[in-house]
file upload-v5.pdb (PDB, C-alpha atoms)
ATOM      1  CA  MET M   1       4.786  29.453   3.379
ATOM      2  CA  THR M   2       7.389  27.318   1.612
ATOM      3  CA  HIS M   3       6.197  26.003  -1.730
ATOM      4  CA  ARG M   4       5.412  22.296  -1.548
ATOM      5  CA  SER M   5       4.473  20.258  -4.578
ATOM      6  CA  LEU M   6       3.848  16.503  -4.789
ATOM      7  CA  LEU M   7       4.028  14.436  -7.941
ATOM      8  CA  CYS M   8       2.383  11.051  -7.369
ATOM      9  CA  PHE M   9       2.811   8.321  -9.957
ATOM     10  CA  GLY M  10      -0.182   6.002  -9.865
ATOM     11  CA  MET M  11      -2.572   8.126  -7.832
ATOM     12  CA  GLY M  12      -5.150   5.500  -6.968
ATOM     13  CA  PHE M  13      -6.944   4.421  -3.804
ATOM     14  CA  SER M  14      -4.178   5.452  -1.376
ATOM     15  CA  GLY M  15      -2.839   8.413  -3.310
ATOM     16  CA  ARG M  16      -6.192  10.147  -3.544
ATOM     17  CA  VAL M  17      -6.614  10.198   0.219
ATOM     18  CA  LEU M  18      -3.164  11.710   0.595
ATOM     19  CA  ALA M  19      -3.855  14.228  -2.185
ATOM     20  CA  THR M  20      -7.049  15.438  -0.500
ATOM     21  CA  ARG M  21      -5.171  16.083   2.718
ATOM     22  CA  LEU M  22      -2.248  17.865   1.082
ATOM     23  CA  LEU M  23      -4.470  20.064  -1.059
ATOM     24  CA  ALA M  24      -6.263  21.164   2.105
ATOM     25  CA  GLU M  25      -2.869  22.184   3.507
ATOM     26  CA  GLY M  26      -2.063  24.339   0.484
ATOM     27  CA  TRP M  27       0.120  21.937  -1.456
ATOM     28  CA  THR M  28       0.232  21.748  -5.238
ATOM     29  CA  VAL M  29      -0.516  18.146  -6.201
ATOM     30  CA  HIS M  30       0.156  16.427  -9.510
ATOM     31  CA  GLY M  31      -0.890  12.832 -10.120
ATOM     32  CA  THR M  32      -0.915  10.262 -12.869
ATOM     33  CA  SER M  33      -3.494   7.758 -14.026
ATOM     34  CA  ARG M  34      -3.394   5.229 -16.835
ATOM     35  CA  SER M  35      -6.726   6.365 -18.284
ATOM     36  CA  ALA M  36      -8.399   9.579 -19.360
ATOM     37  CA  GLY M  37     -11.278   8.786 -17.009
ATOM     38  CA  GLY M  38      -8.867   8.400 -14.106
ATOM     39  CA  CYS M  39      -7.297  11.743 -14.951
ATOM     40  CA  ALA M  40     -10.732  13.374 -14.986
ATOM     41  CA  ALA M  41     -11.437  11.977 -11.517
ATOM     42  CA  LEU M  42      -8.148  13.391 -10.239
ATOM     43  CA  ALA M  43      -8.849  16.767 -11.796
ATOM     44  CA  ALA M  44     -12.195  16.839  -9.985
ATOM     45  CA  LEU M  45     -10.269  16.636  -6.706
ATOM     46  CA  GLY M  46      -8.106  19.595  -7.663
ATOM     47  CA  VAL M  47      -5.126  17.522  -8.773
ATOM     48  CA  THR M  48      -3.167  18.429 -11.903
ATOM     49  CA  ALA M  49      -3.552  15.133 -13.736
ATOM     50  CA  TRP M  50      -1.245  13.510 -16.255
ATOM     51  CA  GLN M  51      -1.886  10.316 -18.175
ATOM     52  CA  PHE M  52       0.930   7.790 -17.725
ATOM     53  CA  ASP M  53       0.789   4.210 -18.947
ATOM     54  CA  GLY M  54       4.375   3.293 -18.186
ATOM     55  CA  THR M  55       5.588   3.777 -21.747
ATOM     56  CA  THR M  56       5.077   7.399 -22.828
ATOM     57  CA  PRO M  57       6.989  10.031 -20.835
ATOM     58  CA  LEU M  58       5.217  12.859 -19.101
ATOM     59  CA  PRO M  59       5.886  16.325 -20.523
ATOM     60  CA  PRO M  60       8.839  18.109 -18.914
ATOM     61  CA  GLN M  61       6.558  20.621 -17.180
ATOM     62  CA  ALA M  62       5.130  17.815 -15.038
ATOM     63  CA  PHE M  63       8.319  18.042 -12.965
ATOM     64  CA  ASP M  64       8.396  21.831 -12.687
ATOM     65  CA  GLY M  65       8.574  22.913  -9.071
ATOM     66  CA  VAL M  66       8.178  19.369  -7.713
ATOM     67  CA  THR M  67       9.515  19.055  -4.155
ATOM     68  CA  HIS M  68       8.169  15.602  -3.253
ATOM     69  CA  VAL M  69       7.611  12.435  -5.290
ATOM     70  CA  LEU M  70       5.562   9.348  -4.437
ATOM     71  CA  SER M  71       5.114   6.240  -6.570
ATOM     72  CA  SER M  72       2.686   3.358  -6.179
ATOM     73  CA  VAL M  73       3.121   2.053  -9.724
ATOM     74  CA  PRO M  74       3.825  -1.695  -9.615
ATOM     75  CA  PRO M  75       6.905  -3.075 -11.350
ATOM     76  CA  GLY M  76       6.555  -4.806 -14.680
ATOM     77  CA  SER M  77       6.869  -2.826 -17.874
ATOM     78  CA  PRO M  78       3.896  -2.726 -20.254
ATOM     79  CA  ARG M  79       6.441  -2.931 -23.053
ATOM     80  CA  SER M  80       7.390  -6.537 -22.398
ATOM     81  CA  LEU M  81       6.062  -9.456 -20.396
ATOM     82  CA  ASP M  82       9.684 -10.375 -19.695
ATOM     83  CA  ASP M  83      10.594  -6.965 -18.278
ATOM     84  CA  ASP M  84      10.070  -6.780 -14.515
ATOM     85  CA  SER M  85      11.614  -3.334 -14.128
ATOM     86  CA  ASP M  86       9.884  -0.358 -12.544
ATOM     87  CA  PRO M  87       8.221   1.627 -15.359
ATOM     88  CA  VAL M  88       8.545   4.958 -13.559
ATOM     89  CA  LEU M  89      12.290   4.525 -13.190
ATOM     90  CA  THR M  90      12.634   3.147 -16.704
ATOM     91  CA  VAL M  91      10.930   6.160 -18.264
ATOM     92  CA  HIS M  92      11.786   8.978 -15.849
ATOM     93  CA  ARG M  93      15.017   8.112 -14.007
ATOM     94  CA  ASP M  94      16.849  11.189 -15.303
ATOM     95  CA  ASP M  95      13.887  13.502 -14.637
ATOM     96  CA  LEU M  96      13.613  12.258 -11.063
ATOM     97  CA  LEU M  97      17.281  12.951 -10.468
ATOM     98  CA  ALA M  98      17.098  16.352 -12.141
ATOM     99  CA  CYS M  99      14.060  17.618 -10.243
ATOM    100  CA  GLY M 100      15.965  17.506  -6.960
ATOM    101  CA  ALA M 101      13.008  16.395  -4.841
ATOM    102  CA  ALA M 102      13.690  16.668  -1.117
ATOM    103  CA  TRP M 103      11.662  13.543  -0.376
ATOM    104  CA  ILE M 104      10.821  10.495  -2.468
ATOM    105  CA  GLY M 105       8.509   7.682  -1.370
ATOM    106  CA  TYR M 106       7.780   4.272  -2.843
ATOM    107  CA  LEU M 107       4.759   2.208  -1.820
ATOM    108  CA  SER M 108       5.786  -1.435  -1.666
ATOM    109  CA  THR M 109       4.328  -4.486   0.094
ATOM    110  CA  THR M 110       4.962  -6.584   3.192
ATOM    111  CA  GLY M 111       4.972  -9.475   0.722
ATOM    112  CA  VAL M 112       8.723  -8.946   0.282
ATOM    113  CA  TYR M 113       9.265 -10.721   3.631
ATOM    114  CA  GLY M 114       7.954 -13.975   2.190
ATOM    115  CA  ASP M 115       6.585 -16.822   4.291
ATOM    116  CA  HIS M 116       7.433 -16.958   8.004
ATOM    117  CA  GLN M 117       4.864 -19.617   8.936
ATOM    118  CA  GLY M 118       2.982 -17.181  11.134
ATOM    119  CA  GLY M 119       6.089 -15.741  12.775
ATOM    120  CA  TRP M 120       6.693 -12.063  13.452
ATOM    121  CA  VAL M 121       8.787  -9.832  11.194
ATOM    122  CA  ASP M 122       9.953  -6.227  11.387
ATOM    123  CA  GLU M 123      12.010  -3.881   9.227
ATOM    124  CA  ARG M 124      15.231  -5.636  10.257
ATOM    125  CA  THR M 125      13.993  -8.995   8.968
ATOM    126  CA  PRO M 126      15.784  -9.991   5.735
ATOM    127  CA  VAL M 127      13.490 -10.010   2.739
ATOM    128  CA  ALA M 128      12.834 -13.425   1.234
ATOM    129  CA  PRO M 129      10.000 -13.151  -1.310
ATOM    130  CA  ASN M 130       8.647 -16.469  -2.518
ATOM    131  CA  LEU M 131       6.090 -15.085  -4.981
ATOM    132  CA  SER M 132       7.095 -13.580  -8.303
ATOM    133  CA  ARG M 133       5.145 -10.357  -7.725
ATOM    134  CA  SER M 134       6.823  -9.900  -4.332
ATOM    135  CA  ALA M 135      10.233 -10.535  -5.878
ATOM    136  CA  ARG M 136       9.499  -7.784  -8.392
ATOM    137  CA  ARG M 137       8.618  -5.428  -5.540
ATOM    138  CA  ASP M 138      11.880  -6.316  -3.788
ATOM    139  CA  ARG M 139      13.802  -5.428  -6.932
ATOM    140  CA  ALA M 140      11.846  -2.178  -7.308
ATOM    141  CA  GLU M 141      12.610  -1.215  -3.690
ATOM    142  CA  ARG M 142      16.314  -1.673  -4.332
ATOM    143  CA  ASP M 143      16.132   0.283  -7.588
ATOM    144  CA  TRP M 144      14.448   3.253  -5.873
ATOM    145  CA  GLN M 145      17.007   3.154  -3.071
ATOM    146  CA  ALA M 146      19.814   3.076  -5.633
ATOM    147  CA  LEU M 147      18.310   6.054  -7.468
ATOM    148  CA  THR M 148      18.705   8.510  -4.604
ATOM    149  CA  PRO M 149      19.445   8.620  -0.873
ATOM    150  CA  ALA M 150      16.175  10.581  -0.500
ATOM    151  CA  ALA M 151      14.106   7.418  -1.098
ATOM    152  CA  HIS M 152      11.745   6.139   1.598
ATOM    153  CA  ILE M 153      10.169   2.676   1.306
ATOM    154  CA  PHE M 154       6.715   1.918   2.719
ATOM    155  CA  ARG M 155       5.809  -1.769   2.959
ATOM    156  CA  LEU M 156       2.029  -1.881   3.002
ATOM    157  CA  ALA M 157      -0.177  -4.647   4.342
ATOM    158  CA  GLY M 158      -3.551  -5.392   2.737
ATOM    159  CA  ILE M 159      -5.341  -2.098   2.118
ATOM    160  CA  TYR M 160      -8.981  -1.540   3.012
ATOM    161  CA  GLY M 161     -11.278   1.460   3.187
ATOM    162  CA  PRO M 162     -14.449   2.852   1.620
ATOM    163  CA  GLY M 163     -15.684   0.538  -1.111
ATOM    164  CA  ARG M 164     -13.000  -2.038  -0.400
ATOM    165  CA  ASN M 165     -13.615  -3.873   2.857
ATOM    166  CA  ALA M 166     -15.115  -6.908   4.595
ATOM    167  CA  LEU M 167     -18.496  -5.202   5.025
ATOM    168  CA  ASP M 168     -18.814  -4.896   1.252
ATOM    169  CA  GLN M 169     -17.765  -8.517   0.788
ATOM    170  CA  VAL M 170     -20.463  -9.721   3.171
ATOM    171  CA  ARG M 171     -23.130  -7.410   1.744
ATOM    172  CA  ARG M 172     -22.490  -8.639  -1.788
ATOM    173  CA  GLY M 173     -23.071 -12.244  -0.753
ATOM    174  CA  GLY M 174     -20.901 -15.171  -1.668
ATOM    175  CA  ALA M 175     -18.212 -14.371   0.893
ATOM    176  CA  ARG M 176     -16.509 -17.385   2.418
ATOM    177  CA  CYS M 177     -14.263 -17.893   5.421
ATOM    178  CA  ILE M 178     -11.303 -19.771   3.975
ATOM    179  CA  ILE M 179      -9.817 -21.740   6.853
ATOM    180  CA  LYS M 180      -6.117 -22.569   6.743
ATOM    181  CA  GLU M 181      -4.209 -23.468   9.878
ATOM    182  CA  ASN M 182      -1.712 -20.854  11.087
ATOM    183  CA  GLN M 183      -2.649 -18.376   8.350
ATOM    184  CA  TRP M 184      -2.128 -14.725   9.286
ATOM    185  CA  PHE M 185      -2.893 -11.606   7.285
ATOM    186  CA  GLY M 186      -2.086  -7.966   7.987
ATOM    187  CA  ARG M 187      -4.110  -4.961   6.880
ATOM    188  CA  ILE M 188      -4.113  -1.176   6.990
ATOM    189  CA  HIS M 189      -6.857   1.401   6.552
ATOM    190  CA  VAL M 190      -6.260   3.737   3.632
ATOM    191  CA  GLU M 191      -6.503   6.795   5.916
ATOM    192  CA  ASP M 192      -3.690   5.455   8.075
ATOM    193  CA  ILE M 193      -1.466   5.034   5.010
ATOM    194  CA  ALA M 194      -1.837   8.748   4.353
ATOM    195  CA  THR M 195      -1.028   9.480   7.995
ATOM    196  CA  VAL M 196       2.221   7.509   7.801
ATOM    197  CA  VAL M 197       3.304   9.124   4.539
ATOM    198  CA  GLN M 198       2.568  12.611   5.882
ATOM    199  CA  ALA M 199       4.534  11.831   9.034
ATOM    200  CA  SER M 200       7.507  10.721   6.940
ATOM    201  CA  ILE M 201       7.349  13.903   4.861
ATOM    202  CA  ALA M 202       7.407  15.905   8.094
ATOM    203  CA  ARG M 203      10.271  13.819   9.513
ATOM    204  CA  PRO M 204      12.298  12.589   6.563
ATOM    205  CA  ARG M 205      14.988   9.964   7.083
ATOM    206  CA  PRO M 206      16.626   9.183   3.775
ATOM    207  CA  GLY M 207      16.862   5.454   3.172
ATOM    208  CA  ALA M 208      14.134   4.639   5.693
ATOM    209  CA  ILE M 209      11.971   1.536   5.396
ATOM    210  CA  TYR M 210       8.660   1.379   7.257
ATOM    211  CA  ASN M 211       6.105  -1.363   7.743
ATOM    212  CA  VAL M 212       2.638   0.136   7.315
ATOM    213  CA  CYS M 213       0.103  -2.128   8.975
ATOM    214  CA  ASP M 214      -2.262  -2.037  11.911
ATOM    215  CA  ASP M 215      -1.695  -3.487  15.378
ATOM    216  CA  GLN M 216      -3.484  -6.797  14.934
ATOM    217  CA  PRO M 217      -2.707  -9.342  12.238
ATOM    218  CA  THR M 218      -5.429 -11.978  12.156
ATOM    219  CA  PRO M 219      -6.527 -15.131  10.410
ATOM    220  CA  PRO M 220      -8.426 -14.001   7.288
ATOM    221  CA  GLU M 221     -11.819 -15.155   8.517
ATOM    222  CA  GLU M 222     -11.926 -12.867  11.582
ATOM    223  CA  PRO M 223     -12.768  -9.572   9.820
ATOM    224  CA  LEU M 224     -15.446 -11.291   7.735
ATOM    225  CA  ARG M 225     -17.130 -12.728  10.816
ATOM    226  CA  HIS M 226     -16.942  -9.373  12.574
ATOM    227  CA  ALA M 227     -18.369  -7.599   9.538
ATOM    228  CA  ALA M 228     -21.300  -9.992   9.452
ATOM    229  CA  ALA M 229     -21.956  -9.398  13.153
ATOM    230  CA  LEU M 230     -21.919  -5.626  12.635
ATOM    231  CA  LEU M 231     -24.415  -6.014   9.794
ATOM    232  CA  GLY M 232     -26.646  -8.388  11.767
ATOM    233  CA  MET M 233     -26.094 -11.107   9.165
ATOM    234  CA  ASP M 234     -25.090 -14.732   9.431
ATOM    235  CA  PRO M 235     -21.341 -15.222   9.153
ATOM    236  CA  PRO M 236     -20.044 -16.491   5.818
ATOM    237  CA  PRO M 237     -19.631 -20.252   5.687
ATOM    238  CA  ASP M 238     -16.322 -21.850   6.637
ATOM    239  CA  VAL M 239     -14.520 -23.583   3.777
ATOM    240  CA  PRO M 240     -11.294 -25.543   4.352
ATOM    241  CA  PHE M 241      -8.477 -24.162   2.219
ATOM    242  CA  ASP M 242      -7.817 -27.486   0.528
ATOM    243  CA  GLN M 243     -11.458 -27.650  -0.562
ATOM    244  CA  ALA M 244     -11.819 -24.023  -1.644
ATOM    245  CA  GLU M 245     -12.192 -23.219  -5.317
ATOM    246  CA  LEU M 246      -9.891 -20.226  -5.710
ATOM    247  CA  SER M 247      -8.332 -18.502  -8.678
ATOM    248  CA  PRO M 248      -4.557 -18.844  -8.930
ATOM    249  CA  MET M 249      -4.207 -15.220  -7.804
ATOM    250  CA  ALA M 250      -6.501 -15.684  -4.798
ATOM    251  CA  ARG M 251      -4.749 -18.928  -3.848
ATOM    252  CA  SER M 252      -1.353 -17.226  -3.982
ATOM    253  CA  PHE M 253      -2.318 -14.935  -1.101
ATOM    254  CA  TYR M 254      -2.324 -17.990   1.153
ATOM    255  CA  ALA M 255       1.240 -18.955   0.193
ATOM    256  CA  ASP M 256       2.658 -16.544   2.787
ATOM    257  CA  SER M 257       1.842 -16.372   6.491
ATOM    258  CA  ARG M 258       3.468 -13.807   8.731
ATOM    259  CA  ARG M 259       2.696 -11.234  11.392
ATOM    260  CA  VAL M 260       4.215  -7.804  10.776
ATOM    261  CA  ARG M 261       5.302  -5.394  13.491
ATOM    262  CA  ASN M 262       4.580  -1.679  13.096
ATOM    263  CA  ASP M 263       6.567  -0.291  16.061
ATOM    264  CA  LEU M 264       8.865   1.864  13.924
ATOM    265  CA  ILE M 265       6.162   4.147  12.520
ATOM    266  CA  LYS M 266       5.096   4.879  16.089
ATOM    267  CA  GLN M 267       8.509   5.261  17.671
ATOM    268  CA  GLU M 268      10.226   7.200  14.882
ATOM    269  CA  LEU M 269       7.383   9.035  13.154
ATOM    270  CA  GLY M 270       5.078   9.488  16.128
ATOM    271  CA  VAL M 271       2.158   7.934  14.252
ATOM    272  CA  GLN M 272      -1.050   7.205  16.122
ATOM    273  CA  LEU M 273      -3.217   4.962  13.981
ATOM    274  CA  ARG M 274      -6.782   6.120  13.624
ATOM    275  CA  TYR M 275      -7.800   2.489  13.105
ATOM    276  CA  PRO M 276      -5.433   0.306  15.158
ATOM    277  CA  THR M 277      -7.411  -2.847  14.352
ATOM    278  CA  TYR M 278     -10.007  -3.938  11.834
ATOM    279  CA  ARG M 279     -12.697  -3.497  14.496
ATOM    280  CA  GLU M 280     -12.346   0.286  14.644
ATOM    281  CA  GLY M 281     -11.943   0.453  10.885
ATOM    282  CA  LEU M 282     -15.054  -1.557  10.076
ATOM    283  CA  GLN M 283     -17.145   0.266  12.678
ATOM    284  CA  ALA M 284     -16.189   3.606  11.133
ATOM    285  CA  LEU M 285     -16.939   2.372   7.627
ATOM    286  CA  LEU M 286     -20.339   1.107   8.782
ATOM    287  CA  SER M 287     -21.107   4.498  10.317
ATOM    288  CA  GLN M 288     -20.131   6.207   7.053
ATOM    289  CA  GLY M 289     -22.736   4.168   5.214
TER     290      GLY M 289
END
call {"tool": "encode", "arguments": {"input": "upload-v5.pdb", "output": "structure tokens"}}
result
Amino acid sequence: MTHRSLLCFGMGFSGRVLATRLLAEGWTVHGTSRSAGGCAALAALGVTAWQFDGTTPLPPQAFDGVTHVLSSVPPGSPRSLDDDSDPVLTVHRDDLLACGAAWIGYLSTTGVYGDHQGGWVDERTPVAPNLSRSARRDRAERDWQALTPAAHIFRLAGIYGPGRNALDQVRRGGARCIIKENQWFGRIHVEDIATVVQASIARPRPGAIYNVCDDQPTPPEEPLRHAAALLGMDPPPDVPFDQAELSPMARSFYADSRRVRNDLIKQELGVQLRYPTYREGLQALLSQG
């Protein structure tokens, strides 16, 4: 069997699911975490873990034998509040070029499309980020594409999965249905992210950009109401957006409204989503306990 080795910068919620799958297929997997505790958790999975905080380079041996690279590290250097560059590229640009990886992936966000007032977008839609964090992601996408033709960009919708979902929000209490007219959100189950990335590795197309979202964008209150019904609980109360007390970060998520098409991952990569809507995803999470 051909040697296959992944180095994943920022191996968090999504990366760990992918790592578990690849390890089961005989891959060598290296991953980074900002903390010693995070590295210990990766090591427990069988991952060779390296601590990376965006400032101190990894040792040269971290790149030995690497055939595939994935990064989910957000842009914005820890060195400076004024530096919006990608820390992985800032620290390891030359190493990434030298390792000669056959496939490189970057996990971005559908936020780069900006606000379309509920309209549909796909990969051909020009990016028009209207939030600073989305503008940084747009710049990072372009920097990864400029690094190497082997780069693949994955624009992720809101991620949910075990420990991070509407069921947990309802169970904890205090959940609210924030009602804003013509507000649409997209989402993707963490298992389906891994499926898309694996499909791209199997069918690389250098320079590709893929939207990674499920089949059904919805107003934000719908999954919460469905979660409450699954749990046999009263739905969270409705609160008009203009009356909701939200942190600046939470409020910013309502600045964009768009519906994102996912046809390309199906047509080009042959992906069949395990959880095509939040209904299947939440039902599975409920069954898992």
call {"tool": "closest_residue", "arguments": {"input": "upload-v5.pdb", "among": "M:Gln243, M:Ser14, M:Gln198, M:Gln216", "to": "Tyr275 of chain M", "atoms": "all atoms listed in the file"}}
result
M:Gln216
call {"tool": "resolve_selection", "arguments": {"input": "upload-v5.pdb", "expression": "the PyMOL selection byres ((chain M and resi 34) around 12)", "output": "PyMOL selection string"}}
result
chain M and resi 9-12+31-33+35-42+49-56+58+73+78
call {"tool": "atom_distance", "arguments": {"input": "upload-v5.pdb", "atom1": "atom CA of Met233 of chain M", "atom2": "atom CA of Ile179 of chain M"}}
result
19.6 Å
call {"tool": "closest_residue", "arguments": {"input": "upload-v5.pdb", "among": "M:Val91, M:Pro276, M:Val121, M:Gly76", "to": "Arg139 of chain M", "atoms": "all atoms listed in the file"}}
result
M:Gly76
call {"tool": "residues_around", "arguments": {"input": "upload-v5.pdb", "residues": "Glu181 of chain M", "least_positions_apart": "2", "cutoff": "10 Å", "atoms": "all atoms listed in the file", "output": "VMD selection string"}}
result
chain M and resid 117 to 118 178 to 179 183 to 184 219 240 to 241 257
call {"tool": "residues_around", "arguments": {"input": "upload-v5.pdb", "residues": "segment 199-208 of chain M", "least_positions_apart": "4", "cutoff": "10 Å", "atoms": "all atoms listed in the file", "output": "list in words"}}
result
His68, Ala102, Trp103, Ile104, Gly105, Glu123, Trp144, Gln145, Ala146, Thr148, Pro149, Ala150, Ala151, His152, Ile153, Phe154, Ile193, Ala194, Thr195, Ile265, Lys266, Glu268, Leu269, Gly270 and Val271 of chain M
call {"tool": "decode", "arguments": {"input": "upload-v5.pdb", "residues": "segment 91-108 of chain M", "atoms": "N, CA, C and O atoms", "output": "CSV table (one decimal), in the first residue's frame"}}
result
chain,number,residue,atom,x,y,z
M,91,VAL,N,4.5,31.1,9.2
M,91,VAL,CA,5.6,30.3,9.8
M,91,VAL,C,6.2,29.2,9.0
M,91,VAL,O,7.4,28.9,9.0
M,92,HIS,N,5.3,28.6,8.1
M,92,HIS,CA,5.8,27.4,7.5
M,92,HIS,C,5.6,27.4,5.9
M,92,HIS,O,5.6,26.3,5.3
M,93,ARG,N,5.6,28.5,5.3
M,93,ARG,CA,5.4,28.6,3.9
M,93,ARG,C,6.5,27.8,3.2
M,93,ARG,O,6.2,26.9,2.3
M,94,ASP,N,7.7,28.0,3.5
M,94,ASP,CA,8.8,27.2,2.8
M,94,ASP,C,8.7,25.7,3.1
M,94,ASP,O,9.0,24.9,2.2
M,95,ASP,N,8.4,25.3,4.3
M,95,ASP,CA,8.3,23.9,4.6
M,95,ASP,C,7.2,23.3,3.8
M,95,ASP,O,7.3,22.1,3.4
M,96,LEU,N,6.1,24.0,3.7
M,96,LEU,CA,4.9,23.4,2.9
M,96,LEU,C,5.3,23.2,1.4
M,96,LEU,O,4.9,22.3,0.8
M,97,LEU,N,6.1,24.2,0.9
M,97,LEU,CA,6.5,24.0,-0.5
M,97,LEU,C,7.5,22.9,-0.6
M,97,LEU,O,7.5,22.1,-1.6
M,98,ALA,N,8.4,22.8,0.4
M,98,ALA,CA,9.5,21.8,0.3
M,98,ALA,C,9.0,20.4,0.5
M,98,ALA,O,9.6,19.4,-0.1
M,99,CYS,N,7.9,20.2,1.2
M,99,CYS,CA,7.4,18.8,1.5
M,99,CYS,C,6.8,18.1,0.3
M,99,CYS,O,6.7,16.9,0.3
M,100,GLY,N,6.4,18.9,-0.7
M,100,GLY,CA,5.9,18.3,-1.9
M,100,GLY,C,4.6,17.6,-1.7
M,100,GLY,O,4.4,16.6,-2.4
M,101,ALA,N,3.7,18.0,-0.8
M,101,ALA,CA,2.5,17.3,-0.6
M,101,ALA,C,1.6,17.2,-1.9
M,101,ALA,O,1.6,18.2,-2.7
M,102,ALA,N,1.0,16.1,-2.1
M,102,ALA,CA,0.2,15.9,-3.3
M,102,ALA,C,-1.1,16.6,-3.3
M,102,ALA,O,-1.7,16.8,-4.3
M,103,TRP,N,-1.5,16.8,-2.0
M,103,TRP,CA,-2.9,17.4,-1.8
M,103,TRP,C,-2.8,18.3,-0.6
M,103,TRP,O,-2.2,17.9,0.4
M,104,ILE,N,-3.3,19.5,-0.7
M,104,ILE,CA,-3.4,20.5,0.4
M,104,ILE,C,-4.8,21.0,0.5
M,104,ILE,O,-5.4,21.3,-0.5
M,105,GLY,N,-5.4,21.0,1.7
M,105,GLY,CA,-6.7,21.5,1.9
M,105,GLY,C,-6.8,22.6,2.9
M,105,GLY,O,-6.0,22.6,3.9
M,106,TYR,N,-7.7,23.5,2.7
M,106,TYR,CA,-7.8,24.6,3.7
M,106,TYR,C,-9.3,24.7,4.0
M,106,TYR,O,-10.2,24.9,3.1
M,107,LEU,N,-9.6,24.7,5.3
M,107,LEU,CA,-11.0,24.8,5.7
M,107,LEU,C,-11.4,26.3,6.0
M,107,LEU,O,-10.9,26.9,6.9
M,108,SER,N,-12.2,26.8,5.1
M,108,SER,CA,-12.7,28.2,5.2
M,108,SER,C,-14.1,28.2,5.6
M,108,SER,O,-14.6,27.4,6.4
